Each structure stands twice: as C-alpha cells, then as structure tokens.
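K.L.:
One structure, pasted below without further comment.
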Amino acid sequence: MQVIDIINQATEDGKTRFAFELLPPLKGAGVSGVFEAIDPLIEFDPAYINVTYHREDVKYVEREDGLLEKRIVRRRPGTVGISAAIMKRYGVEVVPHLICGGMSKYDIEDALIDMDFLGIHNVLALRGDNLRGEHVFRPHPDGHRNATELVRQIANMNRGIFIDHEVEVCIHSKFCIGVAGYPEKHAEAANRETGLKYLKAKVDAGASYIVTQMSFDNSKIFDFIRDCREMGINVPIIPGIKPFSTNAQLSMLPQVFHVDLPQELVTEVEKCKDNGQVREVGVEWAIAQARELKKAGVPVLHFYTMGKTDNMQKIARAIF
Ligand code: FAD
C-alpha cells in the first residue's frame, strides 16, 4: 500500500496514526537489534516504518610513520535490505530513505529497481548532508544536486523513463514519494520563503507528502503548515517529533538539526539529575506535543527514534 493512501485513509477516518524512523544496524551488527526495537511497538499498529539511509563517512587512521591516513567507511549500509526484512517479518509498510549524497543516478536507479522487486513502493527522497569535513554539499559527478532532481528521477521511473532511455517496454514502478520540509528553515536556505519555494518544487516534481524536520514547538509546525498552504503546497504534511532523551542534546540538537529548543523544555531538562530523568521529561514533552497535533487533526505523526524505542512505547501507550 502507498503511504499516501494510508495518510488519506487516516484523514478520512479522523484518526491520527503514528510512524517511526529507525536506523539500519551498524555494519556487522545483524538485524536482531532492529527487531527488538520494533517488537514492542507493533501492538500499537504503526502506520508504516521509515528506515534512514547513511552515506559514506570519513575516518582518519594513524599510520606507522605517525601520519594520518584518510579512509572512506560505510558504517550503516543495508537500508533496502533491512526495510524488506521488516516488511516480511511484520507485514507493515516500510519507507526506505534514499539520498543523493555519494550516489550516482545509476546507483539510485539500482536501489529503486531492488525496492521494486522486493515489493517496496514507498520512498523518502532526500539530498543528504555534506560529507564530514566538507562545508558545502558536493554531488556525485553523475548524481543529483538536490532532492528536487532525485524526486524527478523517481517520478520518471514511475512513468517508465530510465536513466539511459534504453527501456522500451516495462512494468512501471509506482513509488509514492515523500520529501523533507523544515518548519524552522533548512540551514542552507537563503530565507524561509526561498525554502518554501524549493519545497514546492519538490512537490511539483512528484512528491505526494512532506515529513517535517523535528520541532519541539507546535506553534512553529502550525505556522509552517499555514505558510505551505499559502504558497500553494497542498499535499499532506506529517509533523516530525523527537522524544528528547539526553542532556547532551541541549547543544547537539540545535547544532546538528538547526532547531530551537523552547525555554520551558530547557528549564525542565536542566533540573534533571541524570539522563533517566531527562528521558522522562522528553516523553512528557512528546506526549503533550502529540496530543495537541492529534487534536488539530494531523493524520500521522512521524517519530524520530534513533533506534531506541522504550520511550516511544510510553508515548504510544498514552496517545495511540
Ligand atoms: P533539499 O530539498 O535538496 O534541500 C537542500 C537545500 O537545497 C535547501 O536549502 C533547499 O532550499 C535547496 N534546494 C532544494 N531544491 C532546490 C532547487 N531545485 N534548486 C536550488 N536549491 C534547492 N539525511 C540522511 O543522510 N539520511 C536520511 O535518512 C535522512 N532522513 C531524513 C528524514 C527527514 C524527515 C528529514 C527532515 C531529514 C532527513 N535527513 C536525512 C537530513 C537531510 O538529508 C538534510 O537535512 C539535508 O541537508 C537536506 O535534505 P533535503 O532532502 O531537505 O534537501
């Protein structure tokens, strides 16, 4: 089933559902950790499960002569495989993420063909971040510069148009394409309006829905939805919620994800004696956010779990 049909059904039923995002296991770790994270959430009937995509990383290794050698490593490969394994085990729809970073158009086409063969018909199309140590995003020489171009490639494939234009007769893929939106502006967008203009370009290129970057402030999510509508972006918008979980996130989340933390949340976290207490504060905050968004009629909430789902269980029990 396509995610857009799940979203539309939830809207029709007036029932907010939840989806969550997991990371593929570290290379060599096997699948059991991922299943252990999913098992306790299945009873709450997740609408679908997203699996992130991780580009290559840079590692510096000290050589015998004392100099540092730069090595390219892939720590979390296997997004498509683990997505298929989840779908097979739980019978739940999966949404593998696909990125431009480090990928040629041919690599992307291969991944999409694999997904199609495996019966995966949903994909979240993203640009991905810069390679560690690079200050600007450098596309693969045969790749895409932004997510708009990636959406176009997937939408073309749905029309039977492949990269080399060699295919004359084919069974068309039918990927439902989601894209990312930023209630607090993408760090590289010149301004809010420009960011929305490019978001509209992704929708016009073929995206069926938008998932937002995490925000801890619902008023920013509501403003974003209003601004999108005024801009003529009419597809469903799925708010992203991250249960806050460690003291270190007070500085890490603003730095990495370019989001502001409301003062009330910061004050509560600063009162905590350990990360166990921070996790509880995060659960309460996420529950309050989810309640308000549910009341506003949001069809699906997207939870960022970072692979650990004990807090997600508490939220699901309270809300879904
Ligand atoms: P884009 O939409 O390409 O935007 C990037 C910048 O380019 C923006 O400033 C935008 O305004 C601009 N832009 C967009 N289109 C155009 C255009 N046509 N012309 C000129 N400029 C344009 N990263 C991962 O590596 N793996 C993941 O699995 C992953 N999952 C994510 C899931 C969600 C829900 C979100 C919100 C983010 C995720 N990310 C992931 C992070 C994401 O890759 C980064 O935020 C990245 O910097 C931007 O990705 P994007 O798809 O929004 O890029």
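Following the order of the structure tokens, chains are lettered A, B, ..., residues in each are numbered from 1, and ligands are numbered from 1.
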Write as an MDAnalysis selection string the residues around ligand 1, taking 6 Å as the cut-off and counting only C-alpha atoms and all ligand atoms.
P.N.:
chainID A and resid 52:54 97 126:129 146:148 180:181 186 188:189 195 198 211:213
K.L.:
If we count only C-alpha atoms, what is near stretch 204-210 of chain A at a cut-off of 8 Å, once residues fewer than 2 positions away on the same chain are taken out, given as a VMD selection string?
P.N.:
chain A and resid 4 148 151 to 152 155 176 to 181 200 to 202 212 235 to 238
K.L.:
Atom CA of A:Ala84 and atom CA of A:Pro96 are how many Å apart?
P.N.:
9.1 Å
K.L.:
Find the residues near A:Arg317: any atom within 12 Å, counting only C-alpha atoms, skip ones fewer than 3 places away on the same chain, and give them as a PyMOL selection string.
P.N.:
chain A and resi 18+40-45+283+287+290+310-314+320
K.L.:
To one decimal place in Å, what is the distance between atom CA of A:Glu184 and atom CA of A:Val136?
P.N.:
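Taking atom CA of A:Glu184 and atom CA of A:Val136, their separation equals 20.0 Å.
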K.L.:
Neighbours of A:Val58 within 9 Å (only C-alpha atoms; same-chain residues fewer than 5 positions away dropped), as a PyMOL selection string?
P.N.:
chain A and resi 70-74+131-133
K.L.:
If we count only C-alpha atoms, what is near stretch 159-172 of chain A at a cut-off of 8 Å, once residues fewer than 6 positions away on the same chain are taken out, given as a PyMOL selection string?
P.N.:
chain A and resi 105-106+109+153
K.L.:
Next, the residues of the selection above should be written as a tab-separated table (two decimals), in the first residue's frame with all heavy atoms.
P.N.:
```tsv
chain	number	residue	atom	x	y	z
A	105	LYS	N	23.34	8.61	-10.33
A	105	LYS	CA	21.96	8.33	-10.77
A	105	LYS	C	21.78	6.83	-11.01
A	105	LYS	O	20.69	6.29	-10.83
A	105	LYS	CB	21.67	9.07	-12.08
A	105	LYS	CG	21.64	10.57	-11.93
A	105	LYS	CD	21.58	11.23	-13.30
A	105	LYS	CE	21.92	12.71	-13.15
A	105	LYS	NZ	22.14	13.38	-14.44
A	106	TYR	N	22.87	6.19	-11.42
A	106	TYR	CA	22.79	4.74	-11.70
A	106	TYR	C	22.67	3.95	-10.40
A	106	TYR	O	21.92	2.98	-10.31
A	106	TYR	CB	24.01	4.30	-12.52
A	106	TYR	CG	24.11	5.05	-13.82
A	106	TYR	CD1	24.85	6.21	-13.93
A	106	TYR	CD2	23.40	4.62	-14.95
A	106	TYR	CE1	24.90	6.94	-15.11
A	106	TYR	CE2	23.43	5.33	-16.13
A	106	TYR	CZ	24.19	6.49	-16.21
A	106	TYR	OH	24.22	7.21	-17.38
A	109	GLU	N	19.16	4.37	-9.34
A	109	GLU	CA	18.25	3.54	-10.15
A	109	GLU	C	18.32	2.08	-9.71
A	109	GLU	O	17.29	1.41	-9.58
A	109	GLU	CB	18.61	3.68	-11.64
A	109	GLU	CG	17.55	3.10	-12.55
A	109	GLU	CD	17.85	3.42	-14.00
A	109	GLU	OE1	18.62	2.66	-14.64
A	109	GLU	OE2	17.32	4.42	-14.51
A	153	GLN	N	13.81	12.00	-10.84
A	153	GLN	CA	14.27	10.69	-11.33
A	153	GLN	C	13.27	9.59	-10.94
A	153	GLN	O	12.93	8.73	-11.77
A	153	GLN	CB	15.66	10.33	-10.77
A	153	GLN	CG	16.12	8.95	-11.25
A	153	GLN	CD	17.50	8.54	-10.78
A	153	GLN	OE1	18.22	9.30	-10.11
A	153	GLN	NE2	17.91	7.33	-11.15
```
K.L.:
Given the choices A:Ala47, A:Val266, A:Val80, A:Met214, which gets closest to A:Thr16 if the distance is worked out from only C-alpha atoms?
P.N.:
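So, comparing all the options, the nearest one is A:Ala47.
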K.L.:
Using DSSP assignments from the backbone, pull out every residue in stretch 93-181 of chain A that falls under strand (DSSP E or B) and give it to me as an NGL selection string.
P.N.:
:A and (94-99 or 122-126 or 176-181)
K.L.:
Grab the residues selected above and save them as a PDB file, in the first residue's frame with N, CA and C atoms.
P.N.:
```pdb
ATOM      1  N   VAL A  94       6.904  -0.167   4.691  1.00  0.00           N
ATOM      2  CA  VAL A  94       8.186   0.443   5.043  1.00  0.00           C
ATOM      3  C   VAL A  94       8.503   1.579   4.069  1.00  0.00           C
ATOM      4  N   VAL A  95       9.246   2.540   4.568  1.00  0.00           N
ATOM      5  CA  VAL A  95       9.664   3.666   3.728  1.00  0.00           C
ATOM      6  C   VAL A  95      11.179   3.821   3.831  1.00  0.00           C
ATOM      7  N   PRO A  96      11.916   3.168   2.917  1.00  0.00           N
ATOM      8  CA  PRO A  96      13.360   3.394   2.929  1.00  0.00           C
ATOM      9  C   PRO A  96      13.653   4.824   2.496  1.00  0.00           C
ATOM     10  N   HIS A  97      14.645   5.447   3.117  1.00  0.00           N
ATOM     11  CA  HIS A  97      15.083   6.759   2.669  1.00  0.00           C
ATOM     12  C   HIS A  97      16.107   6.542   1.551  1.00  0.00           C
ATOM     13  N   LEU A  98      16.171   7.503   0.649  1.00  0.00           N
ATOM     14  CA  LEU A  98      17.148   7.438  -0.434  1.00  0.00           C
ATOM     15  C   LEU A  98      17.761   8.831  -0.549  1.00  0.00           C
ATOM     16  N   ILE A  99      19.078   8.897  -0.660  1.00  0.00           N
ATOM     17  CA  ILE A  99      19.724  10.219  -0.676  1.00  0.00           C
ATOM     18  C   ILE A  99      20.549  10.417  -1.945  1.00  0.00           C
ATOM     19  N   ASN A 122       7.285   2.652  -1.474  1.00  0.00           N
ATOM     20  CA  ASN A 122       7.358   3.964  -0.825  1.00  0.00           C
ATOM     21  C   ASN A 122       8.818   4.342  -0.655  1.00  0.00           C
ATOM     22  N   VAL A 123       9.093   5.647  -0.776  1.00  0.00           N
ATOM     23  CA  VAL A 123      10.473   6.100  -0.609  1.00  0.00           C
ATOM     24  C   VAL A 123      10.463   7.550  -0.128  1.00  0.00           C
ATOM     25  N   LEU A 124      11.381   7.877   0.789  1.00  0.00           N
ATOM     26  CA  LEU A 124      11.546   9.275   1.204  1.00  0.00           C
ATOM     27  C   LEU A 124      12.789   9.804   0.491  1.00  0.00           C
ATOM     28  N   ALA A 125      12.586  10.796  -0.379  1.00  0.00           N
ATOM     29  CA  ALA A 125      13.673  11.286  -1.249  1.00  0.00           C
ATOM     30  C   ALA A 125      14.349  12.490  -0.613  1.00  0.00           C
ATOM     31  N   LEU A 126      15.653  12.361  -0.366  1.00  0.00           N
ATOM     32  CA  LEU A 126      16.400  13.399   0.359  1.00  0.00           C
ATOM     33  C   LEU A 126      17.708  13.716  -0.343  1.00  0.00           C
ATOM     34  N   CYS A 176       5.478   5.842  -4.162  1.00  0.00           N
ATOM     35  CA  CYS A 176       4.912   7.019  -3.516  1.00  0.00           C
ATOM     36  C   CYS A 176       6.090   7.761  -2.891  1.00  0.00           C
ATOM     37  N   ILE A 177       6.255   9.017  -3.255  1.00  0.00           N
ATOM     38  CA  ILE A 177       7.464   9.752  -2.864  1.00  0.00           C
ATOM     39  C   ILE A 177       7.148  10.771  -1.768  1.00  0.00           C
ATOM     40  N   GLY A 178       7.885  10.672  -0.667  1.00  0.00           N
ATOM     41  CA  GLY A 178       7.801  11.689   0.388  1.00  0.00           C
ATOM     42  C   GLY A 178       9.054  12.550   0.337  1.00  0.00           C
ATOM     43  N   VAL A 179       8.953  13.770   0.843  1.00  0.00           N
ATOM     44  CA  VAL A 179      10.135  14.657   0.916  1.00  0.00           C
ATOM     45  C   VAL A 179      10.175  15.347   2.275  1.00  0.00           C
ATOM     46  N   ALA A 180      11.319  15.980   2.561  1.00  0.00           N
ATOM     47  CA  ALA A 180      11.510  16.655   3.856  1.00  0.00           C
ATOM     48  C   ALA A 180      11.128  18.128   3.773  1.00  0.00           C
ATOM     49  N   GLY A 181      10.551  18.636   4.871  1.00  0.00           N
ATOM     50  CA  GLY A 181      10.248  20.071   4.992  1.00  0.00           C
ATOM     51  C   GLY A 181      10.783  20.568   6.331  1.00  0.00           C
TER      52      GLY A 181
END
```
K.L.:
As a list in words, please: the residues near A:Pro25 (cut-off 7 Å, only C-alpha atoms, same-chain neighbours under 6 positions excluded).
P.N.:
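Contacts, in chain order: Val31, Val34 and Arg76 of chain A.
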K.L.:
Restricted to N, CA and C atoms, what would the selected residues look like written as a JSON list (two decimals), in the first residue's frame?
P.N.:
```
[["chain", "number", "residue", "atom", "x", "y", "z"],
["A", 31, "VAL", "N", 20.51, -8.09, 12.31],
["A", 31, "VAL", "CA", 19.20, -7.44, 12.32],
["A", 31, "VAL", "C", 18.49, -7.48, 13.68],
["A", 34, "VAL", "N", 17.36, -4.31, 15.55],
["A", 34, "VAL", "CA", 16.27, -3.58, 14.89],
["A", 34, "VAL", "C", 14.93, -4.23, 15.24],
["A", 76, "ARG", "N", 26.69, 2.22, 8.17],
["A", 76, "ARG", "CA", 25.33, 1.67, 8.25],
["A", 76, "ARG", "C", 24.77, 1.41, 6.86]]
```
K.L.:
When you count only C-alpha atoms, which of these residues is closest to A:Lys294: A:Asn218, A:Leu22, A:Leu67, A:Gly28?
P.N.:
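Checking each candidate against A:Lys294, we get A:Asn218 as the closest.
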K.L.:
Need the shell around A:Tyr90: protein/DNA/RNA residues with any atom at most 10 Å away, counting only C-alpha atoms. Skip same-chain ones fewer than 3 positions apart. Format as a PyMOL selection string?
P.N.:
chain A and resi 35+38-39+42+85-87+93
K.L.:
Dump C-alpha atoms for the selected residues as a tab-separated table (two decimals), in the first residue's frame?
P.N.:
```
chain	number	residue	atom	x	y	z
A	35	PHE	CA	13.62	-6.24	15.52
A	38	ILE	CA	10.18	-2.75	16.66
A	39	ASP	CA	8.64	-5.69	18.60
A	42	ILE	CA	3.71	-3.48	16.86
A	85	ALA	CA	13.25	-7.73	6.24
A	86	ILE	CA	10.95	-5.54	8.38
A	87	MET	CA	8.15	-5.71	5.82
A	93	GLU	CA	4.62	-0.87	5.10
```
